[in-house]
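*Asks:* Quick one: this structure, given as structure tokens, is what I'll be asking you about.
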Amino acid sequence: MDTEAVRTFVRAAELGQLRYAADELGVTQQAASKRIAALERELDVRLFDRTARGVEPTLDGQAFLPHARNIVVGVDRAVTAIRPGARALRIDVLGLRSAQAVVLHDHWRSRPGTDIDVVTLRADDPGVAVAAVRAGELDAAFRSVTDPAALPREVRMIHAFGSPLELLVGPRHPLAAARTLTPAQLRGHRIWVPGIVPRSEWSDFYDQLATEFDLRIDAAGPNFGNEVLLDILAESADVATLVGARDRYLWPPGHDLRRVPIMNPALVYPLSLILPRTNPHPALRPLLTHLAGLPPLPEPAWLPSWAQPSHPGEEASRP
């Protein structure tokens with residue numbers, strides 16, 4: 001079916017004049033009329049009645065009109081999908097208070113004309129984000145796949161930035177008064193990270209962290225959200241958790257929670273960016289440049305074995 005003929009039919013039906021539709025579509029009235037006639041022959045129905053005021057859809061035309069609109073919308077979306085510069089950059093972050101969202105917001109503030117559509121898939125399986133990037137539903141996703149060999153050929157994963165961890169504790173915790181901590185000072189303390197999903201990137205990260213530094217990572221219990229976690233920390237004398245240095249957390253003043261940096265070595269969660277291997281959105285290039293300009297990680301730093309050493313600055317020059 002000639003989709004431009006369908007578009008001509010839709011605009012003529014909406015405007016009530018074939019001439020108006022032709023002018024809007026940049027063709028002659030005769031060409032528009034030929035398109036409609038060809039469409040009527042293909043469908044074997046009459047789509048319009050000609051009146052003194054213009055054109056009116058027949059009963060068949062009225063029945064066809066909503067479906068014809070869907071065809072036009074579908075074609076426009078398909079064209080937009082392969083012309084990414086014509087729409088906002090669609091990018092997935094783990095949460096709107098996460099380090100990824102904070103860095104993305106900083107980038108947008110430095111380039112306020114950038115049109116960004118921030119998405120939160122809220123899926124523990126990074127494969128969901130990979131599939132969305134592969135299908136063109138997302139332009140990029142701040143997710144990590146711990147086995148890069150499992151990625152489909154249509155997408156690639158690059159290092160975005162590292163997020164140093166901090167210990168978050170309530171005022172009664174024995175480590176609350178510390179200005180900095182080493183991983184060795186965390187041994188024996190309960191570090192509660194509820195809701196770790198088995199075989200996820202977080203599970204792999206915390207397994208390696210606990211093994212490397214002999215830490216007590218407690219993943220027991222469901223994750224009821226940050227508010228519940230912060231309430232428990234504020235009341236507890238023995239429970240702590242780990243948060244990213246750029247993650248945003250808000251709590252009532254009475255909670256008096258403390259964020260304590262961990263150093264020598266810094267414990268770094270590596271954040272990756274998944275993007276299409278070909279035809280990336282043009283707005284990704286300046287984002288990669290922004291990521292390359294982030295402050296370097298503190299030294300020494302510990303990262304899990306699957307952390308990629310590549311730097312986003314290397315990717316900014318690639319198409």
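Numbering starts fresh at 1 for the residues of each chain in the structure tokens, the chains themselves are lettered A, B, ... in the order given, and ligands are numbered from 1 as they appear.
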When you look at stretch 204-210 of chain A with a cut-off of 8 Å (counting only C-alpha atoms), what residues show up, excluding the ones that are within fewer than 5 positions of it in the same chain? I need them as an mmCIF file with N, CA, C and O atoms, in the first residue's frame.
*Replies:*
data_model
loop_
_atom_site.group_PDB
_atom_site.id
_atom_site.type_symbol
_atom_site.label_atom_id
_atom_site.label_comp_id
_atom_site.auth_asym_id
_atom_site.auth_seq_id
_atom_site.Cartn_x
_atom_site.Cartn_y
_atom_site.Cartn_z
ATOM 1 N N THR A 146 27.836 -8.112 33.225
ATOM 2 C CA THR A 146 29.113 -8.599 33.771
ATOM 3 C C THR A 146 29.832 -9.562 32.837
ATOM 4 O O THR A 146 31.019 -9.802 33.013
ATOM 5 N N ARG A 199 22.307 -13.184 40.619
ATOM 6 C CA ARG A 199 22.847 -13.154 39.258
ATOM 7 C C ARG A 199 22.729 -11.788 38.591
ATOM 8 O O ARG A 199 22.935 -11.665 37.386
ATOM 9 N N LEU A 215 33.977 -8.801 54.168
ATOM 10 C CA LEU A 215 32.917 -7.960 54.705
ATOM 11 C C LEU A 215 31.638 -8.767 54.891
ATOM 12 O O LEU A 215 31.412 -9.774 54.221
ATOM 13 N N ARG A 216 30.808 -8.278 55.789
ATOM 14 C CA ARG A 216 29.533 -8.930 56.083
ATOM 15 C C ARG A 216 28.414 -8.188 55.349
ATOM 16 O O ARG A 216 27.864 -7.217 55.849
ATOM 17 N N ILE A 217 28.115 -8.620 54.137
ATOM 18 C CA ILE A 217 27.049 -8.019 53.335
ATOM 19 C C ILE A 217 25.773 -8.812 53.573
ATOM 20 O O ILE A 217 25.703 -10.004 53.281
ATOM 21 N N TYR A 269 32.084 1.391 42.456
ATOM 22 C CA TYR A 269 31.117 0.660 41.630
ATOM 23 C C TYR A 269 31.235 1.197 40.204
ATOM 24 O O TYR A 269 31.029 2.381 39.965
ATOM 25 N N PRO A 304 35.529 -4.293 40.675
ATOM 26 C CA PRO A 304 35.325 -5.727 40.437
ATOM 27 C C PRO A 304 36.034 -6.175 39.168
ATOM 28 O O PRO A 304 36.423 -5.359 38.323
#
*Asks:* Show me, as JSON lines, the residues of stretch 161-275 of chain A having an atom within 10 Å of stretch 124-140 of chain A, each with the closest atom pair and its distance in Å, using only C-alpha atoms.
*Replies:*
{"residue": "A:Ile196", "atom": "CA", "partner": "A:Asp124", "partner_atom": "CA", "distance": 9.0}
{"residue": "A:Val197", "atom": "CA", "partner": "A:Asp124", "partner_atom": "CA", "distance": 6.9}
{"residue": "A:Pro198", "atom": "CA", "partner": "A:Asp124", "partner_atom": "CA", "distance": 9.5}
{"residue": "A:Arg199", "atom": "CA", "partner": "A:Asp125", "partner_atom": "CA", "distance": 8.7}
{"residue": "A:Ser200", "atom": "CA", "partner": "A:Asp125", "partner_atom": "CA", "distance": 6.3}
{"residue": "A:Glu201", "atom": "CA", "partner": "A:Pro126", "partner_atom": "CA", "distance": 7.9}
{"residue": "A:Trp202", "atom": "CA", "partner": "A:Asp124", "partner_atom": "CA", "distance": 9.0}
{"residue": "A:Leu273", "atom": "CA", "partner": "A:Ala140", "partner_atom": "CA", "distance": 6.6}
{"residue": "A:Ile274", "atom": "CA", "partner": "A:Ala140", "partner_atom": "CA", "distance": 5.4}
{"residue": "A:Leu275", "atom": "CA", "partner": "A:Ala140", "partner_atom": "CA", "distance": 4.5}
*Asks:* In Å, how far is it from atom CA of A:Leu181 to atom CA of A:Pro253?
*Replies:*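 Interatomic distance here is 23.7 Å.
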*Asks:* Write out as a VMD selection string all residues of stretch 125-293 of chain A that DSSP puts in helix (DSSP H, G or I) for this structure's backbone.
*Replies:* chain A and resid 126 to 135 148 to 150 183 to 186 201 to 213 226 to 235 253 to 255 284 to 292
*Asks:* Using only C-alpha atoms, find each residue of stretch 244-314 of chain A with at least one atom at most 9 Å away from an atom of stretch 222-240 of chain A; report its shortest atom-to-atom pair and that distance in Å (one decimal), sort the rows by chain and rising residue number, and return the result as a tab-separated table.
*Replies:*
residue	atom	partner	partner_atom	distance
A:Tyr249	CA	A:Asn226	CA	8.0
A:Leu250	CA	A:Glu227	CA	8.6
A:Trp251	CA	A:Leu230	CA	7.0
A:Gly254	CA	A:Ala234	CA	8.4
A:His255	CA	A:Ala234	CA	5.0
A:Asp256	CA	A:Ala234	CA	7.0
A:Leu257	CA	A:Ala234	CA	6.2
*Asks:* Restricted to C-alpha atoms, what would the selected residues look like written as a compact mmCIF listing (two decimals), in the first residue's frame?
*Replies:*
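Result file follows (out_35.txt):
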# COMPACT_ATOMS: atom_id res chain seq x y z
CA TYR A 249 19.34 10.67 49.51
CA LEU A 250 16.96 12.87 51.45
CA TRP A 251 15.94 12.23 55.05
CA GLY A 254 15.98 14.30 63.02
CA HIS A 255 17.53 11.21 61.41
CA ASP A 256 21.01 12.77 61.61
CA LEU A 257 22.46 10.20 59.21
*Asks:* Please run DSSP on the backbone and report, as a list in words, all residues within stretch 22-149 of chain A that come out as strand (DSSP E or B).
*Replies:*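 Answer for stretch 22-149 of chain A, restricted to strand (DSSP E or B): Phe48, Asp49, Arg50, Thr51, Gly54, Val55, Glu56, Pro57, Leu89, Arg90, Ile91, Asp92, Ile116, Asp117, Val118, Val119, Ala140 and Ala141 of chain A.
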*Asks:* For the residues in that selection, give me N, CA and C atoms as a PDB file, in the first residue's frame.
*Replies:*
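In the end it all went to result.pdb:
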ATOM      1  N   PHE A  48     -14.329   8.769  -0.767  1.00  0.00           N
ATOM      2  CA  PHE A  48     -14.858  10.119  -0.615  1.00  0.00           C
ATOM      3  C   PHE A  48     -16.098  10.312  -1.461  1.00  0.00           C
ATOM      4  N   ASP A  49     -16.999  11.136  -0.964  1.00  0.00           N
ATOM      5  CA  ASP A  49     -18.059  11.739  -1.757  1.00  0.00           C
ATOM      6  C   ASP A  49     -17.644  13.170  -2.036  1.00  0.00           C
ATOM      7  N   ARG A  50     -17.734  13.593  -3.279  1.00  0.00           N
ATOM      8  CA  ARG A  50     -17.436  14.971  -3.638  1.00  0.00           C
ATOM      9  C   ARG A  50     -18.674  15.824  -3.433  1.00  0.00           C
ATOM     10  N   THR A  51     -18.528  16.930  -2.741  1.00  0.00           N
ATOM     11  CA  THR A  51     -19.644  17.836  -2.455  1.00  0.00           C
ATOM     12  C   THR A  51     -19.254  19.238  -2.902  1.00  0.00           C
ATOM     13  N   GLY A  54     -16.386  20.438  -0.805  1.00  0.00           N
ATOM     14  CA  GLY A  54     -15.104  19.751  -0.853  1.00  0.00           C
ATOM     15  C   GLY A  54     -15.299  18.253  -0.917  1.00  0.00           C
ATOM     16  N   VAL A  55     -14.719  17.516   0.057  1.00  0.00           N
ATOM     17  CA  VAL A  55     -14.837  16.063   0.099  1.00  0.00           C
ATOM     18  C   VAL A  55     -15.275  15.639   1.494  1.00  0.00           C
ATOM     19  N   GLU A  56     -16.079  14.577   1.503  1.00  0.00           N
ATOM     20  CA  GLU A  56     -16.501  13.983   2.772  1.00  0.00           C
ATOM     21  C   GLU A  56     -16.286  12.482   2.686  1.00  0.00           C
ATOM     22  N   PRO A  57     -15.742  11.864   3.741  1.00  0.00           N
ATOM     23  CA  PRO A  57     -15.543  10.409   3.702  1.00  0.00           C
ATOM     24  C   PRO A  57     -16.871   9.670   3.581  1.00  0.00           C
ATOM     25  N   LEU A  89      16.970  12.473  23.108  1.00  0.00           N
ATOM     26  CA  LEU A  89      17.826  11.357  23.500  1.00  0.00           C
ATOM     27  C   LEU A  89      17.124  10.573  24.597  1.00  0.00           C
ATOM     28  N   ARG A  90      16.797   9.306  24.321  1.00  0.00           N
ATOM     29  CA  ARG A  90      16.125   8.455  25.306  1.00  0.00           C
ATOM     30  C   ARG A  90      17.162   7.615  26.027  1.00  0.00           C
ATOM     31  N   ILE A  91      17.297   7.829  27.321  1.00  0.00           N
ATOM     32  CA  ILE A  91      18.356   7.154  28.067  1.00  0.00           C
ATOM     33  C   ILE A  91      17.821   6.646  29.395  1.00  0.00           C
ATOM     34  N   ASP A  92      18.195   5.432  29.732  1.00  0.00           N
ATOM     35  CA  ASP A  92      17.709   4.764  30.938  1.00  0.00           C
ATOM     36  C   ASP A  92      18.681   4.947  32.090  1.00  0.00           C
ATOM     37  N   ILE A 116      16.469  15.691  26.300  1.00  0.00           N
ATOM     38  CA  ILE A 116      16.710  14.371  26.886  1.00  0.00           C
ATOM     39  C   ILE A 116      15.409  13.814  27.467  1.00  0.00           C
ATOM     40  N   ASP A 117      15.133  12.583  27.151  1.00  0.00           N
ATOM     41  CA  ASP A 117      13.999  11.859  27.727  1.00  0.00           C
ATOM     42  C   ASP A 117      14.565  10.812  28.678  1.00  0.00           C
ATOM     43  N   VAL A 118      14.459  11.078  29.994  1.00  0.00           N
ATOM     44  CA  VAL A 118      15.029  10.195  31.008  1.00  0.00           C
ATOM     45  C   VAL A 118      14.036   9.080  31.312  1.00  0.00           C
ATOM     46  N   VAL A 119      14.489   7.845  31.211  1.00  0.00           N
ATOM     47  CA  VAL A 119      13.650   6.663  31.382  1.00  0.00           C
ATOM     48  C   VAL A 119      14.168   5.855  32.562  1.00  0.00           C
ATOM     49  N   ALA A 140      20.334   4.670  24.811  1.00  0.00           N
ATOM     50  CA  ALA A 140      21.425   4.227  25.683  1.00  0.00           C
ATOM     51  C   ALA A 140      20.835   3.865  27.033  1.00  0.00           C
ATOM     52  N   ALA A 141      21.601   3.108  27.808  1.00  0.00           N
ATOM     53  CA  ALA A 141      21.168   2.716  29.147  1.00  0.00           C
ATOM     54  C   ALA A 141      22.380   2.628  30.049  1.00  0.00           C
TER      55      ALA A 141
END
*Asks:* With only C-alpha atoms as the basis for distance, which of A:Leu284, A:Ala160, A:Ala38, A:Val73 is at the shortest distance from A:Leu271?
*Replies:*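 Closest to A:Leu271, using only C-alpha atoms: A:Ala160.
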*Asks:* State, in Å with one decimal place, the distance from atom CA of A:Val243 to atom CA of A:Arg143.
*Replies:*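 Computed distance, atom CA of A:Val243 to atom CA of A:Arg143, equals 16.9 Å.
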*Asks:* Quick one, how far is atom CA of A:Gly195 from atom CA of A:His173?
*Replies:*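 Result for atom CA of A:Gly195 versus atom CA of A:His173: 22.3 Å, one decimal.
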*Asks:* Nearest to A:Gly74 among A:Arg7, A:Arg258, A:Arg277, A:Arg187, with distances taken over only C-alpha atoms: which residue is it?
*Replies:*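 Among the listed residues, A:Arg7 lies closest to A:Gly74.
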